[in-house]
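With compact mmCIF, C-alpha atoms inside, this is work_1.txt:
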```txt
# COMPACT_ATOMS: atom_id res chain seq x y z
CA MET Z 23 5.10 3.23 -5.24
CA LYS Z 24 3.77 6.46 -3.83
CA HIS Z 25 4.02 7.17 -0.12
CA ILE Z 26 1.37 9.53 1.17
CA SER Z 27 1.98 10.91 4.66
CA VAL Z 28 -1.20 10.85 6.72
CA LEU Z 29 -2.35 14.10 8.37
CA TYR Z 30 0.80 15.69 6.98
CA GLN Z 31 0.07 19.41 7.23
CA GLU Z 32 -1.81 19.08 10.52
CA THR Z 33 1.16 17.28 12.10
CA ILE Z 34 3.79 19.74 10.84
CA ASP Z 35 1.70 22.74 11.91
CA MET Z 36 0.98 21.39 15.39
CA LEU Z 37 4.62 20.55 16.08
CA ASN Z 38 5.23 24.34 15.98
CA ILE Z 39 8.79 23.78 14.75
CA LYS Z 40 11.56 26.17 15.81
CA GLU Z 41 14.13 26.54 13.06
CA ASP Z 42 17.09 25.88 15.38
CA GLY Z 43 15.41 23.13 17.41
CA ILE Z 44 16.01 19.40 17.77
CA TYR Z 45 13.24 17.23 16.33
CA VAL Z 46 12.68 13.49 16.07
CA ASP Z 47 10.61 11.43 13.66
CA GLY Z 48 10.27 8.15 15.53
CA THR Z 49 8.80 6.27 12.56
CA MET Z 50 10.44 7.66 9.41
CA GLY Z 51 8.88 5.27 6.91
CA GLY Z 52 8.67 7.06 3.56
CA ALA Z 53 10.15 10.22 5.15
CA GLY Z 54 7.16 12.39 4.25
CA HIS Z 55 6.75 13.90 7.70
CA SER Z 56 10.56 13.94 8.04
CA LEU Z 57 10.80 16.16 4.98
CA GLY Z 58 8.18 18.52 6.40
CA ILE Z 59 10.18 18.83 9.62
CA CYS Z 60 13.53 19.32 7.89
CA GLU Z 61 12.14 21.99 5.58
CA LYS Z 62 11.27 24.05 8.68
CA LEU Z 63 14.75 23.69 10.20
CA SER Z 64 17.75 25.94 9.49
CA GLU Z 65 21.41 24.90 9.44
CA GLU Z 66 21.34 25.18 13.24
CA GLY Z 67 18.45 22.73 13.45
CA TYR Z 68 18.94 19.05 14.15
CA PHE Z 69 16.78 16.22 12.80
CA ILE Z 70 16.88 12.65 14.10
CA GLY Z 71 15.08 9.99 12.08
CA ILE Z 72 14.40 6.60 13.64
CA ASP Z 73 13.15 3.44 11.96
CA GLN Z 74 13.59 -0.28 12.49
CA ASP Z 75 13.36 -1.05 8.78
CA ASP Z 76 16.68 -1.10 6.90
CA PHE Z 77 14.95 -0.28 3.61
CA VAL Z 78 14.02 3.20 4.84
CA PHE Z 79 17.40 4.88 5.14
CA ASP Z 80 18.64 5.19 1.54
CA ARG Z 81 15.24 6.52 0.50
CA ALA Z 82 15.14 8.98 3.41
CA GLU Z 83 18.65 10.25 2.71
CA GLU Z 84 17.73 10.88 -0.92
CA ARG Z 85 14.46 12.59 -0.03
CA LEU Z 86 16.00 14.89 2.60
CA LYS Z 87 19.25 15.78 0.86
CA GLY Z 88 18.03 19.21 -0.27
CA THR Z 89 17.38 20.41 3.30
CA ASP Z 90 19.88 22.38 5.42
CA CYS Z 91 19.65 20.95 8.93
CA LYS Z 92 21.99 18.46 10.51
CA LYS Z 93 20.61 14.94 10.19
CA GLU Z 94 21.08 11.72 12.10
CA PHE Z 95 19.51 8.42 11.03
CA VAL Z 96 19.15 5.68 13.63
CA ARG Z 97 18.17 2.08 13.02
CA GLY Z 98 16.05 1.29 16.04
CA ASN Z 99 12.63 1.55 17.63
CA PHE Z 100 11.07 4.71 19.05
CA HIS Z 101 10.26 2.62 22.13
CA ASP Z 102 13.96 3.08 22.99
CA ILE Z 103 13.95 6.86 22.56
CA LYS Z 104 15.82 7.54 25.82
CA ASP Z 105 18.65 5.14 24.96
CA ILE Z 106 18.84 6.41 21.37
CA LEU Z 107 19.19 10.03 22.47
CA MET Z 108 21.73 9.07 25.14
CA ASP Z 109 23.85 7.29 22.52
CA ILE Z 110 23.81 10.41 20.33
CA GLY Z 111 24.64 12.61 23.31
CA ILE Z 112 21.35 14.50 23.46
CA ASP Z 113 19.44 15.07 26.68
CA LYS Z 114 16.28 16.90 25.58
CA ILE Z 115 14.48 17.62 22.31
CA ASP Z 116 12.04 20.28 21.11
CA GLY Z 117 9.57 18.00 19.41
CA MET Z 118 8.82 14.47 18.28
CA MET Z 119 6.29 12.67 16.17
CA ALA Z 120 5.39 9.00 15.78
CA ASP Z 121 3.15 7.63 13.03
CA LEU Z 122 2.07 4.21 14.29
CA GLY Z 123 0.76 3.01 10.93
CA VAL Z 124 2.54 0.83 8.41
CA SER Z 125 4.40 2.67 5.66
CA SER Z 126 2.90 2.54 2.17
CA PHE Z 127 6.24 1.19 0.97
CA GLN Z 128 5.93 -1.75 3.35
CA ILE Z 129 2.32 -2.44 2.38
CA ASP Z 130 2.98 -2.17 -1.35
CA ASP Z 131 6.02 -4.46 -1.24
CA GLU Z 132 4.47 -7.91 -1.53
CA THR Z 133 7.68 -9.54 -0.26
CA ARG Z 134 7.02 -8.02 3.19
CA GLY Z 135 3.70 -9.82 3.64
CA PHE Z 136 1.74 -6.90 5.14
CA SER Z 137 -0.93 -6.69 2.46
CA PHE Z 138 -4.01 -8.88 2.15
CA LYS Z 139 -4.40 -7.55 -1.41
CA LYS Z 140 -1.08 -8.91 -2.73
CA ASP Z 141 0.30 -12.42 -2.63
CA GLY Z 142 3.59 -12.84 -0.83
CA PRO Z 143 5.29 -14.68 2.02
CA LEU Z 144 3.63 -14.44 5.42
CA ASP Z 145 6.11 -12.13 7.13
CA MET Z 146 4.91 -8.75 8.50
CA ARG Z 147 8.16 -8.04 10.38
CA MET Z 148 8.97 -4.33 10.52
CA ASP Z 149 12.42 -5.28 11.77
CA LYS Z 150 13.72 -7.95 9.39
CA SER Z 151 16.47 -8.95 11.82
CA LYS Z 152 13.86 -10.40 14.18
CA SER Z 153 13.17 -14.13 13.74
CA PHE Z 154 9.48 -14.16 14.71
CA SER Z 155 7.21 -13.57 11.73
CA ALA Z 156 3.54 -13.93 10.83
CA LYS Z 157 4.30 -17.39 9.43
CA GLU Z 158 5.53 -18.58 12.83
CA LEU Z 159 2.54 -17.01 14.57
CA VAL Z 160 -0.07 -18.52 12.26
CA ASN Z 161 1.49 -21.98 12.30
CA THR Z 162 2.42 -22.32 15.99
CA TYR Z 163 -0.05 -20.33 18.12
CA SER Z 164 -2.70 -22.34 19.95
CA TYR Z 165 -6.37 -21.88 19.17
CA GLU Z 166 -6.82 -19.76 22.30
CA ASP Z 167 -3.84 -17.52 21.52
CA LEU Z 168 -4.95 -17.04 17.91
CA ARG Z 169 -8.49 -16.22 19.01
CA ARG Z 170 -7.19 -13.76 21.62
CA VAL Z 171 -4.87 -11.93 19.21
CA ILE Z 172 -7.46 -11.66 16.43
CA SER Z 173 -10.19 -10.58 18.84
CA GLU Z 174 -8.16 -8.17 20.95
CA TYR Z 175 -5.97 -6.52 18.32
CA GLY Z 176 -8.29 -6.87 15.33
CA GLU Z 177 -11.58 -6.42 17.19
CA GLU Z 178 -12.86 -9.17 14.89
CA GLN Z 179 -16.21 -10.67 15.89
CA PHE Z 180 -15.43 -13.93 14.05
CA ALA Z 181 -12.06 -14.41 15.76
CA GLY Z 182 -12.94 -17.84 17.15
CA ASN Z 183 -14.08 -19.19 13.80
CA ILE Z 184 -11.04 -17.79 12.02
CA ALA Z 185 -8.77 -19.43 14.61
CA LYS Z 186 -10.55 -22.77 14.08
CA HIS Z 187 -10.12 -22.54 10.31
CA ILE Z 188 -6.42 -21.69 10.68
CA LEU Z 189 -5.83 -24.75 12.88
CA LYS Z 190 -7.75 -27.02 10.53
CA ASN Z 191 -5.84 -25.82 7.45
CA ARG Z 192 -2.38 -25.97 9.00
CA GLU Z 193 -2.96 -29.64 9.93
CA GLU Z 194 -2.82 -30.40 6.20
CA LYS Z 195 0.15 -28.14 5.40
CA PRO Z 196 1.87 -25.05 6.82
CA ILE Z 197 0.24 -21.72 5.90
CA GLU Z 198 2.98 -19.83 4.07
CA THR Z 199 1.54 -17.02 1.93
CA THR Z 200 -0.76 -14.04 2.40
CA TYR Z 201 -3.27 -15.32 -0.15
CA GLU Z 202 -3.48 -18.70 1.59
CA LEU Z 203 -4.36 -16.91 4.82
CA VAL Z 204 -6.81 -14.60 3.05
CA GLU Z 205 -8.73 -17.58 1.64
CA ILE Z 206 -8.87 -19.23 5.06
CA ILE Z 207 -10.25 -16.03 6.61
CA LYS Z 208 -12.81 -15.61 3.81
CA ASN Z 209 -14.09 -19.14 4.40
CA ALA Z 210 -14.39 -18.45 8.15
CA ILE Z 211 -16.53 -15.31 7.78
CA PRO Z 212 -20.12 -15.42 6.44
CA LYS Z 213 -20.29 -13.99 2.92
CA LYS Z 214 -22.77 -11.28 3.88
CA PHE Z 215 -20.00 -9.67 5.96
CA HIS Z 216 -17.56 -9.53 3.01
CA GLN Z 217 -19.11 -6.46 1.42
CA LYS Z 218 -18.29 -3.41 3.55
CA LYS Z 219 -14.60 -4.10 4.30
CA HIS Z 220 -12.16 -6.71 3.10
CA PRO Z 221 -12.79 -9.74 5.33
CA ALA Z 222 -9.06 -10.21 6.05
CA LYS Z 223 -8.33 -6.61 7.07
CA LYS Z 224 -8.88 -6.96 10.81
CA THR Z 225 -7.04 -10.27 11.12
CA PHE Z 226 -4.01 -9.01 9.18
CA GLN Z 227 -3.91 -5.92 11.40
CA ALA Z 228 -4.07 -8.09 14.52
CA ILE Z 229 -1.27 -10.40 13.38
CA ARG Z 230 0.94 -7.44 12.42
CA ILE Z 231 0.45 -5.86 15.85
CA GLU Z 232 1.32 -9.11 17.62
CA VAL Z 233 4.36 -9.87 15.45
CA ASN Z 234 5.82 -6.41 16.07
CA ASP Z 235 4.73 -6.09 19.72
CA GLU Z 236 3.10 -2.76 18.90
CA ILE Z 237 0.70 -2.45 21.83
CA ASP Z 238 2.49 -3.74 24.93
CA ALA Z 239 5.34 -1.24 24.84
CA LEU Z 240 3.29 1.78 23.76
CA LYS Z 241 2.31 3.23 27.17
CA GLN Z 242 5.89 3.34 28.43
CA SER Z 243 7.05 4.69 25.07
CA VAL Z 244 4.63 7.63 25.17
CA GLU Z 245 5.72 8.43 28.73
CA ASP Z 246 9.38 8.30 27.68
CA MET Z 247 8.73 10.59 24.70
CA ILE Z 248 7.10 13.14 27.00
CA ASP Z 249 10.01 12.91 29.44
CA VAL Z 250 12.63 13.80 26.81
CA LEU Z 251 10.81 16.97 25.69
CA ASN Z 252 12.08 20.42 26.60
CA LYS Z 253 9.61 22.83 28.17
CA GLY Z 254 7.39 24.01 25.32
CA GLY Z 255 8.31 20.96 23.25
CA ARG Z 256 5.53 19.08 21.51
CA LEU Z 257 4.71 15.43 20.91
CA ALA Z 258 2.46 14.37 18.02
CA VAL Z 259 1.23 10.78 17.77
CA ILE Z 260 -0.80 9.38 14.87
CA THR Z 261 -2.70 6.16 15.56
CA PHE Z 262 -4.73 3.89 13.29
CA HIS Z 263 -6.23 1.53 15.83
CA SER Z 264 -8.63 2.18 18.71
CA LEU Z 265 -6.42 0.30 21.18
CA GLU Z 266 -3.43 2.49 20.33
CA ASP Z 267 -5.51 5.65 20.46
CA ARG Z 268 -6.93 4.78 23.87
CA ILE Z 269 -3.43 4.24 25.27
CA VAL Z 270 -2.14 7.56 23.88
CA LYS Z 271 -5.23 9.43 25.06
CA LYS Z 272 -4.96 7.96 28.57
CA VAL Z 273 -1.29 8.84 28.99
CA PHE Z 274 -1.83 12.36 27.67
CA SER Z 275 -4.80 12.82 30.04
CA GLU Z 276 -2.88 11.53 33.06
CA TYR Z 277 0.06 13.86 32.39
CA ALA Z 278 -2.30 16.81 31.85
CA LYS Z 279 -4.32 16.14 35.02
CA GLY Z 280 -1.82 16.95 37.72
CA CYS Z 281 -3.51 16.38 41.07
CA THR Z 282 -4.21 12.71 41.88
CA CYS Z 283 -5.93 13.25 45.24
CA PRO Z 284 -9.32 11.57 45.80
CA LYS Z 285 -12.26 13.82 44.88
CA GLU Z 286 -13.46 13.97 48.48
CA PHE Z 287 -10.24 15.72 49.62
CA PRO Z 288 -11.06 19.44 50.20
CA VAL Z 289 -7.55 20.55 49.14
CA CYS Z 290 -4.73 18.98 47.17
CA VAL Z 291 -2.13 17.21 49.30
CA CYS Z 292 -0.30 15.25 46.59
CA GLY Z 293 1.43 18.31 45.15
CA ASN Z 294 1.29 16.95 41.60
CA THR Z 295 0.95 19.57 38.88
CA PRO Z 296 0.11 19.12 35.18
CA LYS Z 297 3.15 18.15 33.11
CA VAL Z 298 1.62 18.70 29.68
CA LYS Z 299 -1.14 20.62 27.94
CA VAL Z 300 -3.38 18.68 25.55
CA LEU Z 301 -3.66 20.86 22.45
CA ALA Z 302 -6.96 19.49 21.19
CA ARG Z 303 -9.68 17.90 23.33
CA LYS Z 304 -10.64 15.64 20.43
CA PRO Z 305 -8.18 13.99 18.05
CA VAL Z 306 -7.48 15.64 14.70
CA LEU Z 307 -9.00 13.55 11.91
CA PRO Z 308 -8.25 13.46 8.18
CA THR Z 309 -10.44 15.54 5.92
CA GLU Z 310 -12.80 13.96 3.42
CA GLU Z 311 -10.43 15.13 0.69
CA GLU Z 312 -7.50 13.30 2.29
CA ILE Z 313 -9.53 10.11 2.76
CA GLU Z 314 -10.55 10.25 -0.89
CA GLU Z 315 -6.94 10.70 -1.99
CA ASN Z 316 -5.55 8.18 0.50
CA PRO Z 317 -8.14 5.65 1.79
CA ARG Z 318 -5.54 4.28 4.23
CA SER Z 319 -5.90 7.49 6.24
CA ARG Z 320 -9.55 6.77 7.11
CA SER Z 321 -8.90 5.47 10.64
CA ALA Z 322 -6.06 7.89 11.48
CA LYS Z 323 -6.20 10.04 14.62
CA LEU Z 324 -3.67 12.71 15.61
CA ARG Z 325 -3.17 13.72 19.25
CA VAL Z 326 -0.68 16.41 20.32
CA ILE Z 327 0.55 17.67 23.69
CA GLU Z 328 2.91 20.46 24.76
CA LYS Z 329 5.32 20.01 27.67
CA LEU Z 330 4.76 22.49 30.50
```

Do you think you could lay out the structure here as structure tokens?
Amino acid sequence: MKHISVLYQETIDMLNIKEDGIYVDGTMGGAGHSLGICEKLSEEGYFIGIDQDDFVFDRAEERLKGTDCKKEFVRGNFHDIKDILMDIGIDKIDGMMADLGVSSFQIDDETRGFSFKKDGPLDMRMDKSKSFSAKELVNTYSYEDLRRVISEYGEEQFAGNIAKHILKNREEKPIETTYELVEIIKNAIPKKFHQKKHPAKKTFQAIRIEVNDEIDALKQSVEDMIDVLNKGGRLAVITFHSLEDRIVKKVFSEYAKGCTCPKEFPVCVCGNTPKVKVLARKPVLPTEEEIEENPRSRSAKLRVIEKL
């Protein structure tokens, strides 16, 4: 299994890594970006890698063992960045990145249930210690909740019909595997819409987001990541979904705005000043070459800010 880090060079370059700084990869995954960070750090540098997936750490340790910096691996979620740093005894950091996509290792491992292209148990948990999985979601959610999740998080126009087909099929027997769900989705979507993208892609994305609570906690998480940055520190966030990107963009814009006074006020009375500088007005997108090499990067967007 080959893990290809999305927007790798762009992310490493825009983090502007200081060799003796403290840097965090909030979503280590295959440790591709982690390696890029560690290679820029000297013996005085400090790298903290966070992931909620137990399978990551042995692989990351092996991949990073040739680098000089001090390393700390934490099993957890970047949503808890403030608590994680407090537990380590660190107050502020010089940079952080978070890649909100699913690792290639997770997708390619059919036992994890993330892929609609491989048959496996309906799971999709990034944190295997959690009890709630895709199987529970698909077999217990009401029609309205299924329709909402698939529509909101998958932006799937046939969400209602897919939800109806799921309910009808689970009346006969529980839906337990990825291929079972794929067939149900295919039957719920008119065949003429099967050509451009895999018909199950949006629904699988939606279920994964719901199972792992990826959207609800994101706004607070981005704010917390900004708060723990030193002056001049940078935060890089890679998204793969328009909902995620809108949340990141909004938080970055709010922190870069400063004054919150109504437009009709002749002078500022709130006293708020910009807390960050947005380093690119538009998100950084993968090149055509990267998309060709790694089709999973197609929807990726990178946004970066610098703490003022």

Using all atoms listed in the file, which protein or nucleic acid residues come within 10 Å of Gly58 in chain Z? Drop anything in the same chain fewer than 4 positions from it, and give the result as a PyMOL selection string.
chain Z and resi 27+30-31+33-35+39+53-54+62-63+86+89

From the options Z:Arg320, Z:Glu132, Z:Lys157, Z:Met36, which residue's atoms come nearest to Val300 in chain Z, counting all atoms listed in the file?
Z:Met36

Which residues of range 248-326 of chain Z come within 12 Å of range 42-45 of chain Z, and what is each one's closest atom pair and distance in Å (one decimal), counting all atoms listed in the file, sorted by chain and residue number, as CSV?
```
residue,atom,partner,partner_atom,distance
Z:Val250,CA,Z:Tyr45,CA,11.0
Z:Leu251,CA,Z:Tyr45,CA,9.7
Z:Asn252,CA,Z:Ile44,CA,9.7
Z:Gly254,CA,Z:Gly43,CA,11.3
Z:Gly255,CA,Z:Tyr45,CA,9.3
Z:Arg256,CA,Z:Tyr45,CA,9.5
Z:Leu257,CA,Z:Tyr45,CA,9.8
Z:Ala258,CA,Z:Tyr45,CA,11.3
```

Quick one: residues within 10 Å of Ile197 in chain Z, all atoms listed in the file, excluding same-chain residues fewer than 4 positions away - as an MDAnalysis selection string?
chainID Z and resid 143:144 156:158 160:161 188:189 191:193 201:203 206

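Interatomic distance, CA of Gly135 in chain Z against CA of Thr200 in chain Z: 6.3 Å.
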
Which polymer residues, whether protein, DNA or RNA, lie within 12 Å of the coordinate (-8.2, -22.9, 12.0) when you count only C-alpha atoms? List them as an mmCIF file with C-alpha atoms, in the coordinates of the input, using the chain letters and numbers from the file.
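File out.cif, as written:
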```cif
data_model
loop_
_atom_site.group_PDB
_atom_site.id
_atom_site.type_symbol
_atom_site.label_atom_id
_atom_site.label_comp_id
_atom_site.auth_asym_id
_atom_site.auth_seq_id
_atom_site.Cartn_x
_atom_site.Cartn_y
_atom_site.Cartn_z
ATOM 1 C CA VAL Z 160 -0.070 -18.520 12.260
ATOM 2 C CA ASN Z 161 1.490 -21.980 12.300
ATOM 3 C CA THR Z 162 2.420 -22.320 15.990
ATOM 4 C CA TYR Z 163 -0.050 -20.330 18.120
ATOM 5 C CA SER Z 164 -2.700 -22.340 19.950
ATOM 6 C CA TYR Z 165 -6.370 -21.880 19.170
ATOM 7 C CA GLU Z 166 -6.820 -19.760 22.300
ATOM 8 C CA ASP Z 167 -3.840 -17.520 21.520
ATOM 9 C CA LEU Z 168 -4.950 -17.040 17.910
ATOM 10 C CA ARG Z 169 -8.490 -16.220 19.010
ATOM 11 C CA PHE Z 180 -15.430 -13.930 14.050
ATOM 12 C CA ALA Z 181 -12.060 -14.410 15.760
ATOM 13 C CA GLY Z 182 -12.940 -17.840 17.150
ATOM 14 C CA ASN Z 183 -14.080 -19.190 13.800
ATOM 15 C CA ILE Z 184 -11.040 -17.790 12.020
ATOM 16 C CA ALA Z 185 -8.770 -19.430 14.610
ATOM 17 C CA LYS Z 186 -10.550 -22.770 14.080
ATOM 18 C CA HIS Z 187 -10.120 -22.540 10.310
ATOM 19 C CA ILE Z 188 -6.420 -21.690 10.680
ATOM 20 C CA LEU Z 189 -5.830 -24.750 12.880
ATOM 21 C CA LYS Z 190 -7.750 -27.020 10.530
ATOM 22 C CA ASN Z 191 -5.840 -25.820 7.450
ATOM 23 C CA ARG Z 192 -2.380 -25.970 9.000
ATOM 24 C CA GLU Z 193 -2.960 -29.640 9.930
ATOM 25 C CA GLU Z 194 -2.820 -30.400 6.200
ATOM 26 C CA LYS Z 195 0.150 -28.140 5.400
ATOM 27 C CA PRO Z 196 1.870 -25.050 6.820
ATOM 28 C CA ILE Z 197 0.240 -21.720 5.900
ATOM 29 C CA LEU Z 203 -4.360 -16.910 4.820
ATOM 30 C CA GLU Z 205 -8.730 -17.580 1.640
ATOM 31 C CA ILE Z 206 -8.870 -19.230 5.060
ATOM 32 C CA ILE Z 207 -10.250 -16.030 6.610
ATOM 33 C CA LYS Z 208 -12.810 -15.610 3.810
ATOM 34 C CA ASN Z 209 -14.090 -19.140 4.400
ATOM 35 C CA ALA Z 210 -14.390 -18.450 8.150
#
```

For each of Z:Leu265, Z:Val270, Z:Met119, Z:Met247, take the minimum atom-to-atom distance to Lys104 in chain Z, counting only C-alpha atoms, then give the residue where this is smallest.
Z:Met247
